[in-house]
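J.: Sending over a structure as structure tokens; questions will come in a sec.
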2 protein chains.
Amino acid sequence: MVKTRDRILEATAELLRRKGYHGTGLKQIVKASEAPFGSIYHHFPGGKEELGAEAIRVAGRTYNALIQAFFENASDAAEATNAFFDGAGVVLEMTDYEDACPIATVALEVASVSEPMRAASGEVFESWIDDVTRDFETLGMPPERCRDVAIELLMLIEGAFLLCRSWKSIEPMKIAGSRAVDTVRAALIPS
Amino acid sequence: MVKTRDRILEATAELLRRKGYHGTGLKQIVKASEAPFGSIYHHFPGGKEELGAEAIRVAGRTYNALIQAFFENASDAAEATNAFFDGAGVVLEMTDYEDACPIATVALEVASVSEPMRAASGEVFESWIDDVTRDFETLGMPPERCRDVAIELLMLIEGAFLLCRSWKSIEPMKIAGSRAVDTVRAALIPS
DNA sequence: GTCTATAGAAGGATAGAC
DNA sequence: GTCTATCCTTCTATAGAC
């Protein structure tokens, strides 16, 4: 049995990714989650803002798992990077450029508008960076480089998501993936 | 004398950058532009969507000018790149991380929702890429590399804007700038 | 053709029945 | 404590006065 609260969070995370924060209504959320309207305010007294912040964290954890699936037990950091960017491109094409980063749209929308939601998105990005940083350390990259490389990869893929969706083309993702692999490969070589 | 239509477009472009598409109401636009409500539908019969698409193009042209100010008559492509990323970081800090890309938020919001606005944002990104590509050719970069380098720079700065705003930190912009300069410098060397 | 008033729907939030 | 009915605001859009 799936708890009402979890259904609400799942539905919200999904709607936020596709429609953004201001594009998602509470009424859509109750419809999608098949929950009564009052349940939102029972479980999230802070209203839409509290629900949104929590949904961002839920979406973030889903992606933590995806990241770890590619990087945690990889044999080579560069190969894992290549597979990750390739996979992102495949998903983009399969979903007609709808499924990209689950929180980027919301993060930009709320950055200067809602401090709790900005903080939530910041923590999610940080947790992704932490995952990749640790994985790169495990995979033999010099520790002092790991975090910067992880941040560069995240910037490249977020930029690629933006351009790919706006152009309906995976060309940017191919360029981003190629550059990401170059960076990882270079960082792996001890200086 | 400034035409009503232009005032509406300027106000819309500014609001879209700060609040996004769904976060900006037509009533805010008429208030900010000091125009009567009916004027919007007089000048933009297609309503908010047509106005939004046009405002995206206006914002795009403003940035075309900014890009050219840095790259068009530069003496060195790498130096110009460095100055551009530095400048972006300075503006972010000065505006408490509010002023970043004028169209990124809207582009993500509308990518899967409004075809006319998606097309407009795609054209704007394309025009920025075209500018930088031409400038790099002029500055001596091998022509076959210019476009890919320009796209990489755009992805890096868009990713940096996202992370900088979510973290309220310019660390990502510094990393992005550093990597961008490295890429440009490497591309300038004939192989 | 400039501007006001208002329609009609959807937004977030709340009160209170059960 | 689950759920419904409803409140008030804001949204986009339009009708029509001047």
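Labels used: A, B, ... for chains in the order of the structure tokens, numbers from 1 for residues in each chain, and numbers from 1 for ligands as shown.
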If you run DSSP on the backbone here, which positions in chain A get helix (DSSP H, G or I)? Please write them as a ChimeraX atom specification.
T.: /A:4-19,26-33,37-43,47-71,77-94,104-110,115-138,143-167,171-188
J.: Could you make a table, as a Markdown table, of the residues of chain A that have an atom within 7 Å of an atom of chain B, each with its nearest atom pair and distance in Å to one decimal, counting only C-alpha atoms, in chain and number order?
T.:
```
| residue | atom | partner | partner_atom | distance |
| --- | --- | --- | --- | --- |
| A:Lys19 | CA | B:Glu109 | CA | 6.6 |
| A:Gly20 | CA | B:Glu109 | CA | 6.1 |
| A:His22 | CA | B:His22 | CA | 5.3 |
| A:Gly23 | CA | B:His22 | CA | 5.8 |
| A:Glu98 | CA | B:Ser112 | CA | 6.1 |
| A:Thr105 | CA | B:Leu108 | CA | 5.6 |
| A:Ala107 | CA | B:Ser166 | CA | 6.6 |
| A:Leu108 | CA | B:Thr105 | CA | 5.6 |
| A:Glu109 | CA | B:Gly20 | CA | 6.1 |
| A:Ala111 | CA | B:Ser166 | CA | 5.9 |
| A:Ser112 | CA | B:Glu98 | CA | 6.1 |
| A:Arg118 | CA | B:Ser166 | CA | 5.6 |
| A:Ala119 | CA | B:Ser166 | CA | 6.9 |
| A:Ser121 | CA | B:Ser166 | CA | 6.3 |
| A:Gly122 | CA | B:Ser166 | CA | 4.7 |
| A:Asp148 | CA | B:Ile175 | CA | 6.9 |
| A:Glu152 | CA | B:Ala176 | CA | 6.7 |
| A:Met155 | CA | B:Gly159 | CA | 3.8 |
| A:Leu156 | CA | B:Leu156 | CA | 5.4 |
| A:Glu158 | CA | B:Gly159 | CA | 5.2 |
| A:Gly159 | CA | B:Met155 | CA | 3.8 |
| A:Ala160 | CA | B:Met155 | CA | 5.8 |
| A:Leu162 | CA | B:Leu108 | CA | 6.5 |
| A:Arg165 | CA | B:Ala111 | CA | 6.0 |
| A:Ser166 | CA | B:Gly122 | CA | 4.7 |
| A:Trp167 | CA | B:Gly122 | CA | 5.2 |
| A:Ile175 | CA | B:Asp148 | CA | 6.9 |
| A:Ala176 | CA | B:Glu152 | CA | 6.7 |
```
J.: Residues of chain D no more than 12 Å from chain A, counting only C-alpha atoms (C1' of nucleotides): send them over as a PyMOL selection string.
T.: chain D and resi 1-5+11
J.: So that I can see what lies close to region 128-139 of chain B, please list as a PyMOL selection string the residues with an atom at most 9 Å from it, counting only C-alpha atoms (C1' of nucleotides) and leaving out residues fewer than 5 positions away in the same chain.
T.: chain B and resi 60-61+63-64+67-68+71-77+123+145-151+154+184+188
J.: Show me, as CSV, the residues of chain C having an atom within 12 Å of chain A, each with the closest atom pair and its distance in Å, using only C-alpha atoms (C1' of nucleotides).
T.:
```
residue,atom,partner,partner_atom,distance
C:DA10,C1',A:Gly25,CA,8.5
C:DG11,C1',A:Gly25,CA,7.0
C:DG12,C1',A:Leu26,CA,7.5
C:DA13,C1',A:Gly47,CA,8.1
C:DT14,C1',A:Gly38,CA,9.3
C:DA15,C1',A:Gly38,CA,10.9
C:DG16,C1',A:Gly38,CA,11.6
```
J.: Please write the residues from the selection above to a file, keeping N, CA and C atoms (P, O5', C5', C4', C3', O3' and C1' of nucleotides), as a tab-separated table (two decimals), in the first residue's frame.
T.:
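selection-v6.tsv was written with the following content:
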```
chain	number	residue	atom	x	y	z
C	10	DA	P	-10.28	25.78	-16.55
C	10	DA	O5'	-9.11	26.22	-15.53
C	10	DA	C5'	-8.05	27.02	-16.02
C	10	DA	C4'	-7.28	27.57	-14.84
C	10	DA	C3'	-6.94	26.50	-13.79
C	10	DA	O3'	-5.53	26.50	-13.58
C	10	DA	C1'	-7.86	28.43	-12.78
C	11	DG	P	-4.89	25.52	-12.53
C	11	DG	O5'	-4.44	26.52	-11.36
C	11	DG	C5'	-3.49	27.53	-11.67
C	11	DG	C4'	-3.40	28.50	-10.53
C	11	DG	C3'	-3.33	27.84	-9.15
C	11	DG	O3'	-1.97	27.56	-8.83
C	11	DG	C1'	-4.87	29.66	-9.13
C	12	DG	P	-1.70	26.52	-7.68
C	12	DG	O5'	-1.98	27.35	-6.35
C	12	DG	C5'	-1.20	28.51	-6.08
C	12	DG	C4'	-1.71	29.15	-4.81
C	12	DG	C3'	-1.49	28.31	-3.55
C	12	DG	O3'	-1.05	29.15	-2.48
C	12	DG	C1'	-3.80	28.79	-3.81
C	13	DA	P	-0.69	28.43	-1.09
C	13	DA	O5'	-2.05	28.57	-0.28
C	13	DA	C5'	-2.57	29.87	-0.03
C	13	DA	C4'	-3.92	29.75	0.66
C	13	DA	C3'	-3.91	28.92	1.95
C	13	DA	O3'	-4.28	29.76	3.03
C	13	DA	C1'	-5.77	28.37	0.55
C	14	DT	P	-4.22	29.22	4.51
C	14	DT	O5'	-5.76	28.93	4.81
C	14	DT	C5'	-6.73	29.86	4.36
C	14	DT	C4'	-8.12	29.39	4.70
C	14	DT	C3'	-8.25	28.66	6.05
C	14	DT	O3'	-9.39	29.19	6.71
C	14	DT	C1'	-9.22	27.37	4.34
C	15	DA	P	-9.53	28.98	8.28
C	15	DA	O5'	-11.11	28.83	8.39
C	15	DA	C5'	-11.93	29.19	7.26
C	15	DA	C4'	-13.21	28.37	7.27
C	15	DA	C3'	-13.57	27.78	8.62
C	15	DA	O3'	-14.99	27.83	8.75
C	15	DA	C1'	-13.27	26.03	7.09
C	16	DG	P	-15.68	27.53	10.14
C	16	DG	O5'	-16.29	26.07	9.95
C	16	DG	C5'	-17.10	25.79	8.82
C	16	DG	C4'	-17.19	24.30	8.62
C	16	DG	C3'	-17.45	23.49	9.91
C	16	DG	O3'	-18.33	22.43	9.59
C	16	DG	C1'	-15.66	22.59	8.79
```
J.: Applying 8 Å and only C-alpha atoms (C1' of nucleotides), which residues near Glu49 (chain A) remain after dropping the ones on its own chain fewer than 2 positions away? List them as number ranges by chain.
T.: A: 46-47, 51-53, 114, 116-117
J.: Would you kindly return, as a count of residues only, each protein, DNA or RNA residue with an atom no farther than 10 Å from any atom of DA5 (chain C), considering only C-alpha atoms (C1' of nucleotides) and excluding same-chain residues fewer than 6 positions away?
T.: 3
